[in-house]
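Heads up, the thing below is written out as structure tokens.
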Amino acid sequence: MEEYIAKVLISREELAKRVAELGAEITRDYAGKNLLVLGILKGAVPFMSDLIREIRLPLAYDFMALSSYGASTQSSGVVRILKDLERSVEDVHILITEDIVDTGLTLNYLIANLKARNPLSVKVATLLDKAGRRKVEVSPDYNCFSIPDEFVVGYGLDFNEEYRNLPYIGVLKPEAYKSI
Ligand code: PRP
Ligand code: MN
Ligand code: MG
């Protein structure tokens, strides 16, 4: 699997340190609030599962699965809900967790969709922010790392569903995506 990794961009130690810092910040910000951590399948799973164990507060977590119509690697902006929340969110503060904000189209849709359900608040925590690729104006409330426009995989991020289980963020060699 790792023969296609050109370099390690963010090591597992750096990930753990930054996720712990973010967890401490969220712990301070959400003290006394009814918190629902929302994981966006599938990419957010490793980040979310590490982050919730660094948030020292009572919380609930749930998942949504979204799919964008159109070309598989390019977001079209039209989002379909494949799996929705299981209950009303009117009494909770929602913290969306994402592995990456790229064009912003997914989040733009999701935030509007969630706000229409009248939660107490909606905020976003992302592991990675590729701000250079943004197509719509959306900025995460919490971000672990800002990264350049490179093809990154690992720690939840996939290429054709592979590499999600790498314990670090790596840059994929071009031959990996040109060979198929
Ligand atoms: C990726 C990523 C974000 C979204 C970001 O998910 O996990 O959810 O794309 O892209 P955007 O800012 O351009 O909308 P993907 O649709 O690849 O699904 P996955 O999480 O199952 O890999
Ligand atoms: Mn995703
Ligand atoms: Mg993906």
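In the structure tokens, the first chain shown is A, the next is B, and so on; residue numbers restart at 1 for each chain, and ligands run from 1 in the order shown.
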
Write out as number ranges by chain which residues come within 10 Å of His93 in chain A when counting only C-alpha atoms, dropping same-chain ones fewer than 2 positions away. A: 30, 33-37, 59, 89-91, 95-96, 118-123

Residues from last step as file, C-alpha atoms, as a PDB file, in the first residue's frame:
```pdb
ATOM      1  CA  TYR A  30     -18.747  23.666  24.742  1.00  0.00           C
ATOM      2  CA  LYS A  33     -23.727  22.883  26.285  1.00  0.00           C
ATOM      3  CA  ASN A  34     -25.674  19.989  24.855  1.00  0.00           C
ATOM      4  CA  LEU A  35     -23.204  18.796  22.202  1.00  0.00           C
ATOM      5  CA  LEU A  36     -23.850  16.556  19.225  1.00  0.00           C
ATOM      6  CA  VAL A  37     -20.725  15.621  17.274  1.00  0.00           C
ATOM      7  CA  LEU A  59     -21.699  14.436  24.264  1.00  0.00           C
ATOM      8  CA  VAL A  89     -31.661  18.431  16.635  1.00  0.00           C
ATOM      9  CA  GLU A  90     -33.621  21.372  18.055  1.00  0.00           C
ATOM     10  CA  ASP A  91     -32.096  20.953  21.505  1.00  0.00           C
ATOM     11  CA  LEU A  95     -20.371  20.198  15.691  1.00  0.00           C
ATOM     12  CA  ILE A  96     -19.787  18.775  12.207  1.00  0.00           C
ATOM     13  CA  ASN A 118     -33.321  24.733  13.963  1.00  0.00           C
ATOM     14  CA  PRO A 119     -30.488  23.381  16.119  1.00  0.00           C
ATOM     15  CA  LEU A 120     -29.038  25.642  18.839  1.00  0.00           C
ATOM     16  CA  SER A 121     -25.921  26.138  16.681  1.00  0.00           C
ATOM     17  CA  VAL A 122     -23.945  24.594  13.819  1.00  0.00           C
ATOM     18  CA  LYS A 123     -20.153  24.690  13.717  1.00  0.00           C
TER      19      LYS A 123
END
```

Find the residues near range 104-106 of chain A: any atom within 12 Å, counting only C-alpha atoms, skip ones fewer than 6 places away on the same chain, and give them as a PyMOL selection string. chain A and resi 40-41+64-69+74-81+96+98+112-113+124+126+128-140

Grab the residues selected above and save them as a PDB file, in the first residue's frame with C-alpha atoms.
```pdb
ATOM      1  CA  ILE A  40     -19.633  12.792   7.836  1.00  0.00           C
ATOM      2  CA  LEU A  41     -19.088   9.333   6.446  1.00  0.00           C
ATOM      3  CA  MET A  64     -24.558  11.385   8.073  1.00  0.00           C
ATOM      4  CA  ALA A  65     -23.550  10.012   4.699  1.00  0.00           C
ATOM      5  CA  LEU A  66     -23.623  12.375   1.746  1.00  0.00           C
ATOM      6  CA  SER A  67     -22.957  11.860  -1.908  1.00  0.00           C
ATOM      7  CA  SER A  68     -22.427  14.459  -4.583  1.00  0.00           C
ATOM      8  CA  TYR A  69     -23.983  13.869  -7.961  1.00  0.00           C
ATOM      9  CA  GLN A  74     -15.143  16.361  -8.549  1.00  0.00           C
ATOM     10  CA  SER A  75     -17.905  17.748  -6.347  1.00  0.00           C
ATOM     11  CA  SER A  76     -20.825  19.107  -8.363  1.00  0.00           C
ATOM     12  CA  GLY A  77     -22.437  21.019  -5.519  1.00  0.00           C
ATOM     13  CA  VAL A  78     -25.602  18.944  -5.673  1.00  0.00           C
ATOM     14  CA  VAL A  79     -25.602  16.743  -2.614  1.00  0.00           C
ATOM     15  CA  ARG A  80     -27.739  13.734  -1.844  1.00  0.00           C
ATOM     16  CA  ILE A  81     -28.303  12.464   1.703  1.00  0.00           C
ATOM     17  CA  ILE A  96     -19.787  18.775  12.207  1.00  0.00           C
ATOM     18  CA  GLU A  98     -14.876  16.493   8.455  1.00  0.00           C
ATOM     19  CA  ALA A 112     -27.811  25.083   5.225  1.00  0.00           C
ATOM     20  CA  ASN A 113     -29.605  21.757   5.498  1.00  0.00           C
ATOM     21  CA  VAL A 124     -17.487  22.809  11.805  1.00  0.00           C
ATOM     22  CA  THR A 126     -12.064  19.826  10.107  1.00  0.00           C
ATOM     23  CA  LEU A 128      -7.553  19.553   6.882  1.00  0.00           C
ATOM     24  CA  ASP A 129      -8.378  22.760   5.064  1.00  0.00           C
ATOM     25  CA  LYS A 130      -7.449  23.116   1.389  1.00  0.00           C
ATOM     26  CA  ALA A 131      -8.525  26.748   1.177  1.00  0.00           C
ATOM     27  CA  GLY A 132      -6.881  27.229  -2.216  1.00  0.00           C
ATOM     28  CA  ARG A 133      -9.508  25.006  -3.835  1.00  0.00           C
ATOM     29  CA  ARG A 134     -12.603  26.740  -2.483  1.00  0.00           C
ATOM     30  CA  LYS A 135     -15.534  27.304  -4.886  1.00  0.00           C
ATOM     31  CA  VAL A 136     -17.954  28.674  -2.302  1.00  0.00           C
ATOM     32  CA  GLU A 137     -17.203  30.790   0.724  1.00  0.00           C
ATOM     33  CA  VAL A 138     -17.231  28.536   3.761  1.00  0.00           C
ATOM     34  CA  SER A 139     -14.647  28.466   6.506  1.00  0.00           C
ATOM     35  CA  PRO A 140     -14.360  25.913   9.292  1.00  0.00           C
TER      36      PRO A 140
END
```

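The space between CA of Ala116 in chain A and atom 18 (O, counted along the ligand's line) of ligand 1 spans 22.9 Å.
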
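Distances to ligand 1 were evaluated for A:Glu25, A:Asp149, A:Glu86, A:Glu175 using only C-alpha atoms and all ligand atoms, and the minimum falls at A:Asp149.
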
If you count only C-alpha atoms and all ligand atoms, which residues end up within 9 Å of ligand 3, as a list in words? Lys42, Gly43, Ser72, Thr73, Gly156, Leu157, Asp158, Phe159, Asn160 and Glu161 of chain A

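The shortest atom-to-atom distance to ligand 1, with only C-alpha atoms and all ligand atoms taken into account, belongs to A:Asp99 out of A:Asp99, A:Asp62, A:Glu13, A:Asp141.
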
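Excluding Leu166 in chain A and any residue on its chain fewer than 4 positions from it, the residues at most 9 Å away by only C-alpha atoms are A:Met1, A:Glu2, A:Val153, A:Gly154, A:Tyr155, A:Gly156, A:Leu157, A:Gly170.
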
Which of A:Ile94, A:Pro174, A:Val45, A:Arg53 sits closest to ligand 1 [using only C-alpha atoms and all ligand atoms]: A:Val45

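Closest approach to ligand 1 from the set A:Phe63, A:Tyr177, A:Tyr142, A:Tyr4 is made by A:Phe63, with distances taken over only C-alpha atoms and all ligand atoms.
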
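Taking atom 3 (C, counted along the ligand's line) of ligand 1 and CA of Ile52 in chain A as endpoints, the distance between them is 18.7 Å.
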
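Compared by their closest atoms to ligand 1, and using only C-alpha atoms and all ligand atoms, the residues A:Leu107, A:Ser146, A:Ala176, A:Leu127 rank with A:Leu107 nearest.
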
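Considering the residues A:Tyr109, A:Ser11, A:Ala20, A:Thr27 and counting only C-alpha atoms and all ligand atoms, ligand 1 has its shortest atom-to-atom contact with A:Tyr109.
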
What are the DSSP alpha helix (DSSP H) residues of chain A, as an MDAnalysis selection string? chainID A and resid 12:29 45:52 105:115 174:178

Any idea what's packed within 9 Å of Arg56 in chain A, counting only C-alpha atoms, ignoring anything in its chain fewer than 6 positions away? Could you give it as a ChimeraX atom specification? /A:23-24,26-27,31

What are the DSSP strand (DSSP E or B) residues of range 19-159 of chain A, as a ChimeraX atom specification? /A:35-41,59-68,79-83,93-101,121-129,142-146,152-154,157,159

Write the residues of the selection above to a file with N, CA and C atoms, as a short mmCIF file (atom, residue, chain, number, x, y, z; two decimals), in the first residue's frame.
```cif
data_model
loop_
_atom_site.label_atom_id
_atom_site.label_comp_id
_atom_site.auth_asym_id
_atom_site.auth_seq_id
_atom_site.Cartn_x
_atom_site.Cartn_y
_atom_site.Cartn_z
N LEU A 35 -24.02 18.92 23.42
CA LEU A 35 -23.20 18.80 22.20
C LEU A 35 -23.51 17.52 21.43
N LEU A 36 -23.73 17.70 20.13
CA LEU A 36 -23.85 16.56 19.23
C LEU A 36 -22.71 16.64 18.21
N VAL A 37 -21.81 15.68 18.26
CA VAL A 37 -20.72 15.62 17.27
C VAL A 37 -21.22 14.80 16.09
N LEU A 38 -21.13 15.41 14.92
CA LEU A 38 -21.68 14.79 13.71
C LEU A 38 -20.55 14.41 12.76
N GLY A 39 -20.41 13.13 12.53
CA GLY A 39 -19.37 12.64 11.61
C GLY A 39 -19.93 12.45 10.22
N ILE A 40 -19.20 12.94 9.22
CA ILE A 40 -19.63 12.79 7.84
C ILE A 40 -18.89 11.60 7.22
N LEU A 41 -19.66 10.57 6.97
CA LEU A 41 -19.09 9.33 6.45
C LEU A 41 -18.58 9.55 5.02
N LEU A 59 -21.29 14.11 25.64
CA LEU A 59 -21.70 14.44 24.26
C LEU A 59 -22.39 13.23 23.66
N ALA A 60 -23.10 13.49 22.57
CA ALA A 60 -23.64 12.40 21.76
C ALA A 60 -22.98 12.49 20.40
N TYR A 61 -22.89 11.37 19.70
CA TYR A 61 -22.44 11.48 18.32
C TYR A 61 -23.34 10.69 17.38
N ASP A 62 -23.37 11.18 16.15
CA ASP A 62 -24.19 10.55 15.12
C ASP A 62 -23.47 10.75 13.79
N PHE A 63 -24.03 10.16 12.75
CA PHE A 63 -23.37 10.20 11.44
C PHE A 63 -24.35 10.59 10.35
N MET A 64 -23.83 11.23 9.32
CA MET A 64 -24.56 11.39 8.07
C MET A 64 -23.65 10.90 6.95
N ALA A 65 -24.29 10.37 5.91
CA ALA A 65 -23.55 10.01 4.70
C ALA A 65 -24.11 10.85 3.57
N LEU A 66 -23.23 11.50 2.84
CA LEU A 66 -23.62 12.37 1.75
C LEU A 66 -22.95 11.90 0.48
N SER A 67 -23.58 12.20 -0.64
CA SER A 67 -22.96 11.86 -1.91
C SER A 67 -23.23 12.99 -2.88
N SER A 68 -22.17 13.41 -3.59
CA SER A 68 -22.43 14.46 -4.58
C SER A 68 -22.71 13.81 -5.93
N VAL A 79 -25.92 17.78 -3.60
CA VAL A 79 -25.60 16.74 -2.61
C VAL A 79 -26.84 15.93 -2.29
N ARG A 80 -26.65 14.65 -2.17
CA ARG A 80 -27.74 13.73 -1.84
C ARG A 80 -27.45 13.16 -0.46
N ILE A 81 -28.48 13.06 0.37
CA ILE A 81 -28.30 12.46 1.70
C ILE A 81 -28.54 10.96 1.61
N LEU A 82 -27.50 10.18 1.84
CA LEU A 82 -27.62 8.71 1.79
C LEU A 82 -28.00 8.13 3.14
N LYS A 83 -27.55 8.82 4.20
CA LYS A 83 -27.93 8.42 5.56
C LYS A 83 -28.15 9.69 6.35
N HIS A 93 -26.35 21.59 20.19
CA HIS A 93 -25.34 22.33 19.43
C HIS A 93 -24.61 21.30 18.55
N ILE A 94 -24.70 21.48 17.24
CA ILE A 94 -24.09 20.51 16.32
C ILE A 94 -22.67 20.92 16.00
N LEU A 95 -21.74 19.98 16.15
CA LEU A 95 -20.37 20.20 15.69
C LEU A 95 -20.10 19.16 14.60
N ILE A 96 -20.08 19.65 13.34
CA ILE A 96 -19.79 18.78 12.21
C ILE A 96 -18.30 18.46 12.22
N THR A 97 -17.94 17.20 12.02
CA THR A 97 -16.52 16.87 11.86
C THR A 97 -16.29 16.35 10.44
N GLU A 98 -15.25 16.87 9.82
CA GLU A 98 -14.88 16.49 8.45
C GLU A 98 -13.38 16.19 8.40
N ASP A 99 -13.00 15.32 7.49
CA ASP A 99 -11.56 15.10 7.28
C ASP A 99 -10.94 16.23 6.48
N ILE A 100 -11.71 16.77 5.50
CA ILE A 100 -11.15 17.82 4.67
C ILE A 100 -12.25 18.74 4.12
N VAL A 101 -11.94 20.02 4.06
CA VAL A 101 -12.78 20.97 3.33
C VAL A 101 -11.99 21.34 2.09
N SER A 121 -27.01 25.56 17.48
CA SER A 121 -25.92 26.14 16.68
C SER A 121 -25.36 25.06 15.76
N VAL A 122 -24.64 25.51 14.73
CA VAL A 122 -23.94 24.59 13.82
C VAL A 122 -22.53 25.12 13.61
N LYS A 123 -21.55 24.32 13.98
CA LYS A 123 -20.15 24.69 13.72
C LYS A 123 -19.44 23.52 13.07
N VAL A 124 -18.24 23.80 12.57
CA VAL A 124 -17.49 22.81 11.80
C VAL A 124 -16.07 22.65 12.36
N ALA A 125 -15.68 21.40 12.57
CA ALA A 125 -14.28 21.09 12.90
C ALA A 125 -13.73 20.20 11.79
N THR A 126 -12.66 20.64 11.16
CA THR A 126 -12.06 19.83 10.11
C THR A 126 -10.61 19.51 10.43
N LEU A 127 -10.18 18.36 9.97
CA LEU A 127 -8.77 18.01 10.14
C LEU A 127 -7.92 18.84 9.18
N LEU A 128 -8.33 18.87 7.91
CA LEU A 128 -7.55 19.55 6.88
C LEU A 128 -8.38 20.62 6.19
N ASP A 129 -7.73 21.71 5.83
CA ASP A 129 -8.38 22.76 5.06
C ASP A 129 -7.52 23.06 3.84
N TYR A 142 -13.11 25.34 13.37
CA TYR A 142 -11.90 24.72 13.93
C TYR A 142 -11.19 23.97 12.81
N ASN A 143 -9.89 24.19 12.69
CA ASN A 143 -9.12 23.51 11.65
C ASN A 143 -7.79 23.05 12.24
N CYS A 144 -7.45 21.81 11.98
CA CYS A 144 -6.16 21.31 12.50
C CYS A 144 -4.99 21.75 11.63
N PHE A 145 -5.11 21.54 10.31
CA PHE A 145 -3.98 21.85 9.42
C PHE A 145 -4.47 22.46 8.11
N SER A 146 -3.85 23.54 7.69
CA SER A 146 -4.08 24.09 6.35
C SER A 146 -3.05 23.45 5.42
N VAL A 152 -3.79 14.18 -1.15
CA VAL A 152 -3.46 13.58 0.14
C VAL A 152 -4.39 12.40 0.46
N VAL A 153 -3.83 11.43 1.13
CA VAL A 153 -4.58 10.24 1.56
C VAL A 153 -4.17 9.87 2.98
N GLY A 154 -4.98 9.00 3.59
CA GLY A 154 -4.67 8.49 4.92
C GLY A 154 -5.53 9.12 5.99
N LEU A 157 -8.83 9.77 4.67
CA LEU A 157 -8.88 10.25 3.27
C LEU A 157 -8.53 9.13 2.31
N PHE A 159 -8.25 7.34 -1.78
CA PHE A 159 -8.24 7.39 -3.23
C PHE A 159 -8.89 6.09 -3.69
#
```

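Atom to atom, CA of Arg12 in chain A and CA of Asp29 in chain A stand 25.6 Å apart.
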